[in-house]
There are 2 protein chains.
Amino acid sequence: VARIEVGAGAGAYPVEVGRGLREEIPARLQELSGGAGCLVIADSNTAGLVGAYLAAALRARIHVVPAGERSKSFAELERAVEAALDAGLDRRGVIVAVGGGVVGDLAGVVAATYMRGVRLVHVPTTLLAMVDSAIGGKAAIDVPRAKNLVGAFKPPAVVFVDPDLLRTLPEREYRSGLAEVAKYSMISDEHLFDTLLAEAERVLHRELDLLTTVIERCCAIKAGVVTRDEHEAGERAILNYGHTVGHALEAATGYGPLTHGEAVAVGMTAAAEIGAAAGVTPAVVVERQGALLDALHLPRTAPGVATAGDVLALLAHDKKAAAGQPRWVLIEAVGRATWGHSVPVPVVEAAVAHALEAG
Amino acid sequence: VARIEVGAGAGAYPVEVGRGLREEIPARLQELSGGAGCLVIADSNTAGLVGAYLAAALRARIHVVPAGERSKSFAELERAVEAALDAGLDRRGVIVAVGGGVVGDLAGVVAATYMRGVRLVHVPTTLLAMVDSAIGGKAAIDVPRAKNLVGAFKPPAVVFVDPDLLRTLPEREYRSGLAEVAKYSMISDEHLFDTLLAEAERVLHRELDLLTTVIERCCAIKAGVVTRDEHEAGERAILNYGHTVGHALEAATGYGPLTHGEAVAVGMTAAAEIGAAAGVTPAVVVERQGALLDALHLPRTAPGVATAGDVLALLAHDKKAAAGQPRWVLIEAVGRATWGHSVPVPVVEAAVAHALEAG
């Protein structure tokens with residue numbers, strides 16, 4: 001089992017990555033909770049899988065939320081804290097999040113606020129959660145008009161990543177996670193990039209030993225970035241590579257037609273094109289990124305999913321925008337990103353137009 | 001203007017106490033927010049008073065919640081974050097709580113969670129909020145079955161206390177705050193006790209210069225305790241003097257017939273009787289406390305408001321209970337409290353029975 005430390009000082013926590021780790025989790029949780037109660041929070045996909053197994057082994061209650069982003073709501077937050085109350089959880093208790101990003105977010109807000117804060121453990125079950133959302137301590141729920149509006153920084157006590165849990169993940173969700181994996185390689189690790197490109201078929205077939213190595217590497221990259229820049233003052237921005245256009249595409253389409261990873265893959269393509277036009281990203285890097293996305297069966301464009309006007313309007317309201325223009329994360333070389341770039345509006349317009357055309 | 005520091009290190013903040021301070025608040029808030037927006041949160045009692053004045057002076061929006069404990073709900077939390085979104089508040093924004101404990105709690109949870117945390121300023125308008133709830137960084141909302149179940153530790157950036165705002169506070173709410181003032185004198189300050197007893201009439205008439213001195217002293221006592229014991233490991237328990245029976249009385253009566261201060265005054269009387277039976281509190285101290293409560297027109301008993309059985313059952317479920325019995329804060333001398341006392345059940349039963357009889 002690999003053990004990756006996130007953060008420094010009192011708030012530091014380990015991410016443990018290892019095949020079969022799920023079998024150790026009950027004993028580890030019992031040790032952590034010291035006899036105080038646990039509440040397992042899972043969604044309707046993960047409850048029957050590892051959620052019920054953990055709850056039974058811990059003799060803990062399991063609280064099940066509907067699968068999907070709509071569970072990141074005040075209504076589900078209130079249901080979940082009522083479930084914690086029913087479970088008799090006190091201040092020494094532990095919330096165990098078993099699922100993808102939605103469950104991790106909701107459970108994180110529960111753990112941040114129940115009795116003004118109890119401990120949190122993540123057991124991510126999607127590739128996206130394993131390499132991204134379970135690490136970094138951000139948790140939030142949505143309101144109808146704004147995603148992730150209400151939440152907290154809630155570092156977990158520990159993250160348990162068992163790549164074997166990916167066996168049953170639906171194909172499209174799995175590939176959605178691969179987009180983040182590809183992103184990590186572009187922003188920070190040329191060796192990972194080469195591995196992914198050379199071994200794309202094995203990655204797509206989920207060869208679990210290979211995947212374990214890839215996941216460890218991605219966790220280490222994210223852990224390094226968030227440790228060096230806990231409060232998003234600078235470097236953490238590079239994690240947002242591909243997400244500027246990606247988020248706008250998701251918002252413009254009402255979070256329906258594209259998975260997060262598909263939107264990010266299209267966003268990476270747009271960002272590479274913008275980087276090339278701005279003289280930051282060499283043409284060969286644009287091509288290599290495109291080859292990797294193709295090899296991982298990820299889209300480079302999203303023909304017709306939205307109008308360019310809608311996407312551009314959303315970009316002007318990007319959270320990280322300044323004076324109505326987003327700051328861009330751009331790639332200088334495979335494995336090296338820089339942030340804070342301003343780019344002429346016509347360059348962005350062209351890239352967005354291409355993103356919405358047939359590739 | 002007196003300036004009392006709460007906490008240590010990066011989380012420290014000042015409580016400023018001074019007559020007429022409200023006139024300085026707009027400029028101070030403008031300086032603090034540095035041009036980023038503010039949202040004033042007030043209740044239907046305080047909105048027309050200082051809330052509208054501050055919002056106008058700041059050209060900020062004001063969000064008004066219904067007066068009363070029922071506003072500490074998920075529904076009002078969601079309404080308030082929507083209001084912050086409507087006001088265009090970003091991460092640099094400031095939430096300004098103008099009101100009593102309910103507004104302070106709700107606004108504190110908003111500030112702790114909106115965009116994962118924005119700054120908070122308290123402008124307390126009740127005596128209870130000035131000397132107690134605005135200091136210490138606790139904020140929480142209720143669910144139907146449990147008060148203060150969901151919240152956060154959210155230290156404010158600054159607390160502005162203007163005693164002149166007490167002029168229009170309803171008499172019963174004012175006296176409710178005086179119970180906490182009496183409590184501070186019993187647990188920590190014999191000189192304050194002597195002042196309150198000697199000057200009770202002037203206190204009841206709200207002589208504002210005298211009141212300013214009294215409020216400063218209470219703020220300093222609470223600031224000292226919470227600074228020395230930020231995470232409730234020990235000493236902070238003494239702030240709970242009178243609250244063990246007090247909270248049980250409030251819960252047993254559905255938070256209707258007694259104000260918080262009335263319940264605390266009755267709880268102080270019960271705790272003094274328990275302390276006497278346990279050999280901790282000298283009889284003369286019991287008498288002196290009774291004389292002070294009488295002088296401040298606070299009740300020593302609450303005849304017939306609940307059954308002893310209901311109150312005793314709630315005591316067994318007290319948050320600070322161990323093995324089904326609460327730990328008691330008891331007075332050794334006027335101005336000196338100790339905590340963590342276990343007391344024989346019959347002693348508690350007798351004190352609760354007396355609390356529910358005519359005095």
# chains A, B, ... in the order shown; residues from 1 in each chain; ligands from 1
>>> residues_around(residues="region 10-13 of chain B", least_positions_apart="2", cutoff="9 Å", atoms="only C-alpha atoms", output="mmCIF file with all heavy atoms, in the first residue's frame")
data_model
loop_
_atom_site.group_PDB
_atom_site.id
_atom_site.type_symbol
_atom_site.label_atom_id
_atom_site.label_comp_id
_atom_site.auth_asym_id
_atom_site.auth_seq_id
_atom_site.Cartn_x
_atom_site.Cartn_y
_atom_site.Cartn_z
ATOM 1 N N ILE B 4 -11.280 44.669 23.230
ATOM 2 C CA ILE B 4 -10.972 43.431 23.948
ATOM 3 C C ILE B 4 -10.595 42.384 22.918
ATOM 4 O O ILE B 4 -11.376 42.099 22.001
ATOM 5 C CB ILE B 4 -12.208 42.969 24.752
ATOM 6 C CG1 ILE B 4 -12.569 44.028 25.805
ATOM 7 C CG2 ILE B 4 -11.955 41.606 25.383
ATOM 8 C CD1 ILE B 4 -14.036 44.038 26.168
ATOM 9 N N GLU B 5 -9.401 41.811 23.067
ATOM 10 C CA GLU B 5 -8.924 40.828 22.097
ATOM 11 C C GLU B 5 -9.431 39.437 22.482
ATOM 12 O O GLU B 5 -9.345 39.041 23.640
ATOM 13 C CB GLU B 5 -7.381 40.850 22.082
ATOM 14 C CG GLU B 5 -6.745 40.383 20.808
ATOM 15 C CD GLU B 5 -6.895 41.347 19.634
ATOM 16 O OE1 GLU B 5 -7.300 42.516 19.848
ATOM 17 O OE2 GLU B 5 -6.629 40.918 18.493
ATOM 18 N N VAL B 6 -9.940 38.704 21.488
ATOM 19 C CA VAL B 6 -10.397 37.332 21.723
ATOM 20 C C VAL B 6 -9.502 36.391 20.920
ATOM 21 O O VAL B 6 -9.290 36.603 19.729
ATOM 22 C CB VAL B 6 -11.857 37.128 21.281
ATOM 23 C CG1 VAL B 6 -12.335 35.721 21.662
ATOM 24 C CG2 VAL B 6 -12.753 38.178 21.891
ATOM 25 N N GLY B 7 -9.022 35.332 21.564
ATOM 26 C CA GLY B 7 -8.204 34.353 20.865
ATOM 27 C C GLY B 7 -6.778 34.821 20.723
ATOM 28 O O GLY B 7 -6.398 35.906 21.171
ATOM 29 N N ALA B 8 -5.992 33.954 20.078
ATOM 30 C CA ALA B 8 -4.567 34.229 19.933
ATOM 31 C C ALA B 8 -4.158 33.847 18.520
ATOM 32 O O ALA B 8 -4.819 33.048 17.862
ATOM 33 C CB ALA B 8 -3.768 33.421 20.952
ATOM 34 N N VAL B 15 -13.181 42.638 20.092
ATOM 35 C CA VAL B 15 -14.537 43.077 20.428
ATOM 36 C C VAL B 15 -14.408 44.526 20.853
ATOM 37 O O VAL B 15 -13.672 44.828 21.796
ATOM 38 C CB VAL B 15 -15.124 42.247 21.588
ATOM 39 C CG1 VAL B 15 -16.523 42.746 21.954
ATOM 40 C CG2 VAL B 15 -15.158 40.764 21.223
ATOM 41 N N PRO B 155 -15.010 32.283 13.815
ATOM 42 C CA PRO B 155 -14.643 33.525 14.493
ATOM 43 C C PRO B 155 -14.935 34.717 13.582
ATOM 44 O O PRO B 155 -14.628 34.660 12.387
ATOM 45 C CB PRO B 155 -13.134 33.383 14.719
ATOM 46 C CG PRO B 155 -12.831 31.941 14.494
ATOM 47 C CD PRO B 155 -13.852 31.438 13.534
ATOM 48 N N PRO B 156 -15.528 35.780 14.118
ATOM 49 C CA PRO B 156 -15.772 36.973 13.294
ATOM 50 C C PRO B 156 -14.471 37.728 13.070
ATOM 51 O O PRO B 156 -13.463 37.460 13.714
ATOM 52 C CB PRO B 156 -16.728 37.797 14.164
ATOM 53 C CG PRO B 156 -16.373 37.402 15.571
ATOM 54 C CD PRO B 156 -15.966 35.940 15.508
ATOM 55 N N ALA B 157 -14.518 38.655 12.122
ATOM 56 C CA ALA B 157 -13.367 39.544 11.919
ATOM 57 C C ALA B 157 -13.327 40.597 13.016
ATOM 58 O O ALA B 157 -12.255 41.025 13.447
ATOM 59 C CB ALA B 157 -13.458 40.202 10.542
ATOM 60 N N VAL B 158 -14.491 41.011 13.454
ATOM 61 C CA VAL B 158 -14.593 42.025 14.522
ATOM 62 C C VAL B 158 -16.034 42.010 15.041
ATOM 63 O O VAL B 158 -16.963 41.653 14.311
ATOM 64 C CB VAL B 158 -14.179 43.422 14.000
ATOM 65 C CG1 VAL B 158 -14.971 43.804 12.769
ATOM 66 C CG2 VAL B 158 -14.319 44.513 15.066
ATOM 67 N N VAL B 159 -16.188 42.381 16.312
ATOM 68 C CA VAL B 159 -17.516 42.534 16.920
ATOM 69 C C VAL B 159 -17.647 43.992 17.356
ATOM 70 O O VAL B 159 -16.775 44.497 18.071
ATOM 71 C CB VAL B 159 -17.689 41.610 18.146
ATOM 72 C CG1 VAL B 159 -19.093 41.757 18.737
ATOM 73 C CG2 VAL B 159 -17.384 40.159 17.790
ATOM 74 N N THR B 227 -10.416 32.332 25.051
ATOM 75 C CA THR B 227 -9.034 32.390 24.576
ATOM 76 C C THR B 227 -8.195 31.298 25.236
ATOM 77 O O THR B 227 -7.395 30.637 24.572
ATOM 78 C CB THR B 227 -8.420 33.767 24.874
ATOM 79 O OG1 THR B 227 -9.195 34.765 24.214
ATOM 80 C CG2 THR B 227 -6.973 33.845 24.392
#
>>> select_by_dssp(residues="region 217-280 of chain B", states="alpha helix (DSSP H)", output="PyMOL selection string")
chain B and resi 217-228+243-252+260-277
>>> residues_around(residues="region 197-211 of chain B", least_positions_apart="5", cutoff="10 Å", atoms="only C-alpha atoms", output="short mmCIF file (atom, residue, chain, number, x, y, z; two decimals) with all heavy atoms, in the first residue's frame")
data_model
loop_
_atom_site.label_atom_id
_atom_site.label_comp_id
_atom_site.auth_asym_id
_atom_site.auth_seq_id
_atom_site.Cartn_x
_atom_site.Cartn_y
_atom_site.Cartn_z
N GLY B 18 -18.40 50.49 22.83
CA GLY B 18 -18.42 51.93 23.05
C GLY B 18 -19.75 52.55 22.66
O GLY B 18 -20.35 52.16 21.65
N ARG B 19 -20.18 53.52 23.44
CA ARG B 19 -21.43 54.21 23.12
C ARG B 19 -21.25 55.02 21.84
O ARG B 19 -20.25 55.70 21.65
CB ARG B 19 -21.83 55.13 24.27
CG ARG B 19 -22.20 54.34 25.54
CD ARG B 19 -22.86 55.26 26.55
NE ARG B 19 -24.04 55.89 25.97
CZ ARG B 19 -24.74 56.85 26.57
NH1 ARG B 19 -24.37 57.30 27.75
NH2 ARG B 19 -25.81 57.36 25.97
N LEU B 127 -28.69 42.45 24.68
CA LEU B 127 -27.69 42.33 25.74
C LEU B 127 -27.08 40.94 25.72
O LEU B 127 -25.86 40.77 25.88
CB LEU B 127 -28.35 42.63 27.10
CG LEU B 127 -27.44 42.57 28.32
CD1 LEU B 127 -26.24 43.50 28.18
CD2 LEU B 127 -28.24 42.91 29.59
N ASP B 162 -22.36 48.46 20.55
CA ASP B 162 -22.79 49.81 20.91
C ASP B 162 -23.94 49.70 21.91
O ASP B 162 -25.08 49.41 21.52
CB ASP B 162 -23.24 50.57 19.65
CG ASP B 162 -23.62 52.01 19.98
OD1 ASP B 162 -23.80 52.34 21.17
OD2 ASP B 162 -23.75 52.81 19.03
N PRO B 163 -23.66 49.93 23.20
CA PRO B 163 -24.71 49.76 24.21
C PRO B 163 -25.93 50.64 23.97
O PRO B 163 -27.03 50.30 24.43
CB PRO B 163 -24.00 50.13 25.53
CG PRO B 163 -22.55 49.83 25.25
CD PRO B 163 -22.35 50.23 23.81
N ASP B 164 -25.79 51.74 23.26
CA ASP B 164 -26.94 52.59 22.97
C ASP B 164 -28.05 51.83 22.25
O ASP B 164 -29.23 52.19 22.32
CB ASP B 164 -26.53 53.79 22.11
CG ASP B 164 -25.74 54.83 22.91
OD1 ASP B 164 -25.39 54.53 24.07
OD2 ASP B 164 -25.49 55.92 22.37
N LEU B 165 -27.66 50.77 21.53
CA LEU B 165 -28.67 50.00 20.80
C LEU B 165 -29.64 49.28 21.74
O LEU B 165 -30.68 48.80 21.32
CB LEU B 165 -28.00 48.97 19.88
CG LEU B 165 -27.14 49.56 18.76
CD1 LEU B 165 -26.45 48.45 17.98
CD2 LEU B 165 -27.99 50.41 17.82
N LEU B 166 -29.27 49.21 23.04
CA LEU B 166 -30.14 48.52 23.99
C LEU B 166 -31.35 49.36 24.40
O LEU B 166 -32.28 48.84 25.03
CB LEU B 166 -29.34 48.14 25.25
CG LEU B 166 -28.21 47.14 25.00
CD1 LEU B 166 -27.45 46.88 26.29
CD2 LEU B 166 -28.78 45.83 24.46
N ARG B 167 -31.32 50.65 24.08
CA ARG B 167 -32.41 51.53 24.49
C ARG B 167 -33.78 50.98 24.13
O ARG B 167 -34.73 51.11 24.89
CB ARG B 167 -32.25 52.89 23.80
CG ARG B 167 -31.31 53.83 24.50
CD ARG B 167 -31.64 55.26 24.05
NE ARG B 167 -30.70 56.20 24.65
CZ ARG B 167 -29.76 56.84 23.95
NH1 ARG B 167 -29.64 56.66 22.64
NH2 ARG B 167 -28.96 57.69 24.55
N GLU B 171 -38.30 44.89 27.33
CA GLU B 171 -37.88 44.71 28.72
C GLU B 171 -37.54 43.26 29.05
O GLU B 171 -36.54 42.97 29.68
CB GLU B 171 -39.00 45.20 29.65
CG GLU B 171 -38.70 45.09 31.13
CD GLU B 171 -37.46 45.88 31.58
OE1 GLU B 171 -37.03 46.81 30.86
OE2 GLU B 171 -36.90 45.54 32.65
N TYR B 174 -34.29 42.25 27.60
CA TYR B 174 -33.20 42.90 28.32
C TYR B 174 -32.88 42.11 29.58
O TYR B 174 -31.72 41.79 29.86
CB TYR B 174 -33.58 44.34 28.64
CG TYR B 174 -32.53 45.07 29.45
CD1 TYR B 174 -31.29 45.34 28.90
CD2 TYR B 174 -32.79 45.43 30.77
CE1 TYR B 174 -30.32 45.98 29.65
CE2 TYR B 174 -31.82 46.07 31.52
CZ TYR B 174 -30.59 46.34 30.96
OH TYR B 174 -29.62 46.97 31.71
N ARG B 175 -33.92 41.76 30.34
CA ARG B 175 -33.69 41.03 31.58
C ARG B 175 -33.12 39.64 31.30
O ARG B 175 -32.36 39.10 32.09
CB ARG B 175 -34.97 40.97 32.41
CG ARG B 175 -35.10 42.25 33.28
CD ARG B 175 -36.21 42.16 34.28
NE ARG B 175 -37.49 42.43 33.64
CZ ARG B 175 -38.51 41.58 33.59
NH1 ARG B 175 -38.41 40.40 34.16
NH2 ARG B 175 -39.61 41.92 32.98
N LEU B 178 -29.61 40.06 31.31
CA LEU B 178 -29.06 40.29 32.65
C LEU B 178 -28.76 38.99 33.38
O LEU B 178 -27.87 38.94 34.24
CB LEU B 178 -30.04 41.14 33.49
CG LEU B 178 -30.14 42.61 33.12
CD1 LEU B 178 -31.12 43.31 34.07
CD2 LEU B 178 -28.77 43.30 33.17
N ALA B 182 -25.38 38.29 35.35
CA ALA B 182 -25.30 37.77 36.72
C ALA B 182 -24.44 36.51 36.77
O ALA B 182 -23.64 36.31 37.69
CB ALA B 182 -26.71 37.48 37.24
N HIS B 191 -16.25 41.57 42.14
CA HIS B 191 -16.42 43.02 42.06
C HIS B 191 -17.63 43.37 41.16
O HIS B 191 -18.43 44.24 41.50
CB HIS B 191 -15.14 43.67 41.51
CG HIS B 191 -15.25 45.15 41.35
ND1 HIS B 191 -15.28 46.02 42.42
CD2 HIS B 191 -15.36 45.92 40.24
CE1 HIS B 191 -15.40 47.25 41.97
NE2 HIS B 191 -15.45 47.22 40.66
N LEU B 192 -17.75 42.66 40.05
CA LEU B 192 -18.92 42.87 39.19
C LEU B 192 -20.19 42.52 39.95
O LEU B 192 -21.20 43.25 39.87
CB LEU B 192 -18.79 41.99 37.93
CG LEU B 192 -19.98 41.99 36.97
CD1 LEU B 192 -20.26 43.38 36.40
CD2 LEU B 192 -19.73 41.00 35.81
N GLU B 216 -18.50 45.71 29.06
CA GLU B 216 -17.06 45.54 28.85
C GLU B 216 -16.50 44.44 29.73
O GLU B 216 -15.73 43.59 29.29
CB GLU B 216 -16.31 46.83 29.20
CG GLU B 216 -16.29 47.87 28.12
CD GLU B 216 -15.62 49.15 28.63
OE1 GLU B 216 -14.76 49.07 29.54
OE2 GLU B 216 -15.99 50.21 28.14
N ARG B 217 -16.91 44.46 30.99
CA ARG B 217 -16.41 43.48 31.95
C ARG B 217 -16.84 42.06 31.53
O ARG B 217 -16.04 41.13 31.54
CB ARG B 217 -16.94 43.84 33.33
CG ARG B 217 -16.33 43.09 34.46
CD ARG B 217 -14.82 43.29 34.57
NE ARG B 217 -14.23 42.09 35.15
CZ ARG B 217 -13.21 41.40 34.66
NH1 ARG B 217 -12.60 41.82 33.57
NH2 ARG B 217 -12.78 40.31 35.23
N ARG B 288 -26.60 35.03 48.62
CA ARG B 288 -26.18 36.24 47.89
C ARG B 288 -26.61 36.15 46.42
O ARG B 288 -27.08 37.14 45.85
CB ARG B 288 -24.65 36.42 47.96
CG ARG B 288 -24.18 36.85 49.35
CD ARG B 288 -22.67 36.96 49.40
NE ARG B 288 -22.18 38.18 48.75
CZ ARG B 288 -20.90 38.38 48.43
NH1 ARG B 288 -20.00 37.43 48.67
NH2 ARG B 288 -20.53 39.50 47.85
N GLN B 289 -26.47 34.96 45.82
CA GLN B 289 -26.92 34.81 44.43
C GLN B 289 -28.43 35.07 44.33
O GLN B 289 -28.89 35.76 43.40
CB GLN B 289 -26.59 33.41 43.90
CG GLN B 289 -27.14 33.19 42.48
CD GLN B 289 -26.83 31.79 41.96
OE1 GLN B 289 -25.71 31.50 41.58
NE2 GLN B 289 -27.84 30.93 41.91
N ALA B 291 -30.20 36.95 46.21
CA ALA B 291 -30.45 38.39 46.37
C ALA B 291 -30.19 39.13 45.06
O ALA B 291 -30.94 40.05 44.68
CB ALA B 291 -29.56 38.94 47.49
N LEU B 292 -29.14 38.72 44.35
CA LEU B 292 -28.84 39.39 43.08
C LEU B 292 -29.94 39.12 42.04
O LEU B 292 -30.40 40.03 41.35
CB LEU B 292 -27.48 38.94 42.53
CG LEU B 292 -27.10 39.56 41.18
CD1 LEU B 292 -27.02 41.09 41.28
CD2 LEU B 292 -25.77 39.00 40.67
N LEU B 293 -30.36 37.86 41.94
CA LEU B 293 -31.43 37.54 40.98
C LEU B 293 -32.69 38.33 41.30
O LEU B 293 -33.33 38.88 40.40
CB LEU B 293 -31.71 36.02 40.98
CG LEU B 293 -30.55 35.12 40.53
CD1 LEU B 293 -30.95 33.65 40.62
CD2 LEU B 293 -30.12 35.45 39.10
N ASP B 294 -33.03 38.41 42.60
CA ASP B 294 -34.20 39.21 42.99
C ASP B 294 -34.02 40.67 42.58
O ASP B 294 -34.93 41.30 42.03
CB ASP B 294 -34.40 39.13 44.51
CG ASP B 294 -34.86 37.75 44.97
OD1 ASP B 294 -35.20 36.91 44.10
OD2 ASP B 294 -34.85 37.50 46.20
N ALA B 295 -32.84 41.21 42.86
CA ALA B 295 -32.59 42.62 42.59
C ALA B 295 -32.69 42.92 41.09
O ALA B 295 -33.07 44.03 40.69
CB ALA B 295 -31.21 43.02 43.11
N LEU B 296 -32.35 41.93 40.26
CA LEU B 296 -32.41 42.13 38.80
C LEU B 296 -33.76 41.68 38.21
O LEU B 296 -33.91 41.59 37.00
CB LEU B 296 -31.25 41.38 38.13
CG LEU B 296 -29.84 41.88 38.49
CD1 LEU B 296 -28.77 40.99 37.85
CD2 LEU B 296 -29.64 43.34 38.07
N HIS B 297 -34.70 41.39 39.12
CA HIS B 297 -36.05 40.98 38.69
C HIS B 297 -36.00 39.71 37.84
O HIS B 297 -36.71 39.59 36.85
CB HIS B 297 -36.76 42.11 37.95
CG HIS B 297 -37.01 43.31 38.80
ND1 HIS B 297 -37.83 44.35 38.42
CD2 HIS B 297 -36.56 43.65 40.04
CE1 HIS B 297 -37.85 45.28 39.36
NE2 HIS B 297 -37.09 44.87 40.36
#
>>> interface_residues(of="chain B", to="chain A", cutoff="9 Å", atoms="only C-alpha atoms", output="MDAnalysis selection string")
chainID B and resid 74:75 77:78 81:82 85 90 109:110 112:117 138:140 143 145:146 148:153 319
>>> residues_around(residues="region 32-46 of chain A", least_positions_apart="6", cutoff="6 Å", atoms="only C-alpha atoms", output="list of chain:residue names")
A:Ala60, A:Arg61, A:Ile62, A:His63, A:Val64, A:Val65, A:Pro66, A:Ala67, A:Leu89, A:Arg92, A:Gly93, A:Val94, A:Ile95, A:Val96, A:Ala97, A:Val98, A:Gly99
>>> atom_distance(atom1="CA of Gly254 (chain B)", atom2="CA of Leu106 (chain B)")
20.2 Å
>>> atom_distance(atom1="CA of Thr269 (chain A)", atom2="CA of Ala306 (chain A)")
16.5 Å
>>> atom_distance(atom1="CA of Glu190 (chain A)", atom2="CA of Ala272 (chain A)")
15.8 Å
>>> select_by_dssp(residues="region 107-194 of chain B", states="strand (DSSP E)", output="tab-separated table (two decimals) with N, CA and C atoms, in the first residue's frame")
chain	number	residue	atom	x	y	z
B	119	ARG	N	-15.85	36.53	5.24
B	119	ARG	CA	-15.68	37.16	6.54
B	119	ARG	C	-17.03	37.52	7.18
B	120	LEU	N	-16.99	37.63	8.51
B	120	LEU	CA	-18.19	37.85	9.31
B	120	LEU	C	-17.94	38.99	10.28
B	121	VAL	N	-18.91	39.89	10.41
B	121	VAL	CA	-18.84	40.94	11.42
B	121	VAL	C	-20.13	40.90	12.22
B	122	HIS	N	-20.00	40.92	13.54
B	122	HIS	CA	-21.19	40.93	14.40
B	122	HIS	C	-21.47	42.35	14.89
B	123	VAL	N	-22.73	42.76	14.75
B	123	VAL	CA	-23.22	43.98	15.38
B	123	VAL	C	-24.39	43.55	16.26
B	124	PRO	N	-24.09	43.10	17.50
B	124	PRO	CA	-25.17	42.58	18.35
B	124	PRO	C	-26.10	43.70	18.82
B	138	LYS	N	-18.89	30.44	17.91
B	138	LYS	CA	-19.78	29.32	17.63
B	138	LYS	C	-20.98	29.80	16.84
B	139	ALA	N	-21.36	29.03	15.83
B	139	ALA	CA	-22.56	29.36	15.05
B	139	ALA	C	-23.23	28.06	14.68
B	140	ALA	N	-24.55	28.03	14.73
B	140	ALA	CA	-25.25	26.80	14.37
B	140	ALA	C	-26.71	27.07	14.07
B	141	ILE	N	-27.30	26.18	13.29
B	141	ILE	CA	-28.74	26.18	13.07
B	141	ILE	C	-29.33	24.90	13.67
B	142	ASP	N	-30.66	24.86	13.71
B	142	ASP	CA	-31.37	23.75	14.35
B	142	ASP	C	-31.96	22.82	13.30
B	143	VAL	N	-32.22	21.58	13.69
B	143	VAL	CA	-33.19	20.75	12.97
B	143	VAL	C	-34.35	20.56	13.94
B	146	ALA	N	-33.36	18.80	17.13
B	146	ALA	CA	-32.14	19.09	17.89
B	146	ALA	C	-31.67	20.50	17.61
B	147	LYS	N	-31.51	21.25	18.70
B	147	LYS	CA	-31.00	22.63	18.57
B	147	LYS	C	-29.50	22.62	18.27
B	148	ASN	N	-29.07	23.59	17.49
B	148	ASN	CA	-27.64	23.81	17.24
B	148	ASN	C	-26.92	22.58	16.72
B	149	LEU	N	-27.61	21.77	15.92
B	149	LEU	CA	-27.02	20.50	15.47
B	149	LEU	C	-25.99	20.71	14.36
B	150	VAL	N	-26.22	21.75	13.55
B	150	VAL	CA	-25.42	21.91	12.34
B	150	VAL	C	-24.80	23.30	12.33
B	151	GLY	N	-23.48	23.37	12.27
B	151	GLY	CA	-22.87	24.68	12.31
B	151	GLY	C	-21.38	24.63	12.12
B	152	ALA	N	-20.71	25.60	12.69
B	152	ALA	CA	-19.27	25.70	12.49
B	152	ALA	C	-18.67	26.56	13.60
B	153	PHE	N	-17.36	26.46	13.77
B	153	PHE	CA	-16.64	27.46	14.53
B	153	PHE	C	-16.27	28.55	13.53
B	158	VAL	N	-14.49	41.01	13.45
B	158	VAL	CA	-14.59	42.02	14.52
B	158	VAL	C	-16.03	42.01	15.04
B	159	VAL	N	-16.19	42.38	16.31
B	159	VAL	CA	-17.52	42.53	16.92
B	159	VAL	C	-17.65	43.99	17.36
B	160	PHE	N	-18.70	44.66	16.89
B	160	PHE	CA	-18.95	46.05	17.28
B	160	PHE	C	-20.11	46.09	18.27
B	161	VAL	N	-19.84	46.50	19.51
B	161	VAL	CA	-20.87	46.55	20.54
B	161	VAL	C	-21.17	48.00	20.88
>>> residues_around(residues="Val131 (chain B)", least_positions_apart="5", cutoff="7 Å", atoms="only C-alpha atoms", output="ChimeraX atom specification")
/B:215,218-219
>>> residues_around(residues="Ser188 (chain B)", least_positions_apart="6", cutoff="8 Å", atoms="only C-alpha atoms", output="PyMOL selection string")
chain B and resi 221+334-337
>>> residues_around(residues="Val102 (chain B)", least_positions_apart="5", cutoff="8 Å", atoms="only C-alpha atoms", output="ChimeraX atom specification")
/B:67-69,71-72
>>> write_last_selection(atoms="all heavy atoms", output="short mmCIF file (atom, residue, chain, number, x, y, z; two decimals), in the first residue's frame")
data_model
loop_
_atom_site.label_atom_id
_atom_site.label_comp_id
_atom_site.auth_asym_id
_atom_site.auth_seq_id
_atom_site.Cartn_x
_atom_site.Cartn_y
_atom_site.Cartn_z
N ALA B 67 -38.04 37.29 12.97
CA ALA B 67 -37.49 37.24 14.33
C ALA B 67 -37.88 35.92 14.97
O ALA B 67 -38.97 35.40 14.75
CB ALA B 67 -38.03 38.42 15.14
N GLY B 68 -36.95 35.35 15.75
CA GLY B 68 -37.28 34.14 16.51
C GLY B 68 -36.44 32.95 16.11
O GLY B 68 -35.90 32.88 15.00
N GLU B 69 -36.35 32.00 17.05
CA GLU B 69 -35.50 30.81 16.92
C GLU B 69 -35.79 30.01 15.65
O GLU B 69 -34.90 29.35 15.11
CB GLU B 69 -35.71 29.93 18.16
CG GLU B 69 -34.91 28.63 18.21
CD GLU B 69 -33.45 28.80 18.66
OE1 GLU B 69 -33.13 29.82 19.28
OE2 GLU B 69 -32.65 27.90 18.38
N SER B 71 -35.96 30.83 12.78
CA SER B 71 -35.13 31.22 11.62
C SER B 71 -33.79 30.51 11.60
O SER B 71 -33.05 30.63 10.61
CB SER B 71 -34.93 32.74 11.62
OG SER B 71 -36.12 33.37 11.19
N LYS B 72 -33.44 29.77 12.63
CA LYS B 72 -32.20 28.99 12.61
C LYS B 72 -32.46 27.66 11.91
O LYS B 72 -32.26 26.58 12.49
CB LYS B 72 -31.68 28.79 14.03
CG LYS B 72 -31.09 30.05 14.64
CD LYS B 72 -30.67 29.87 16.08
CE LYS B 72 -29.68 28.75 16.28
NZ LYS B 72 -29.18 28.72 17.69
#
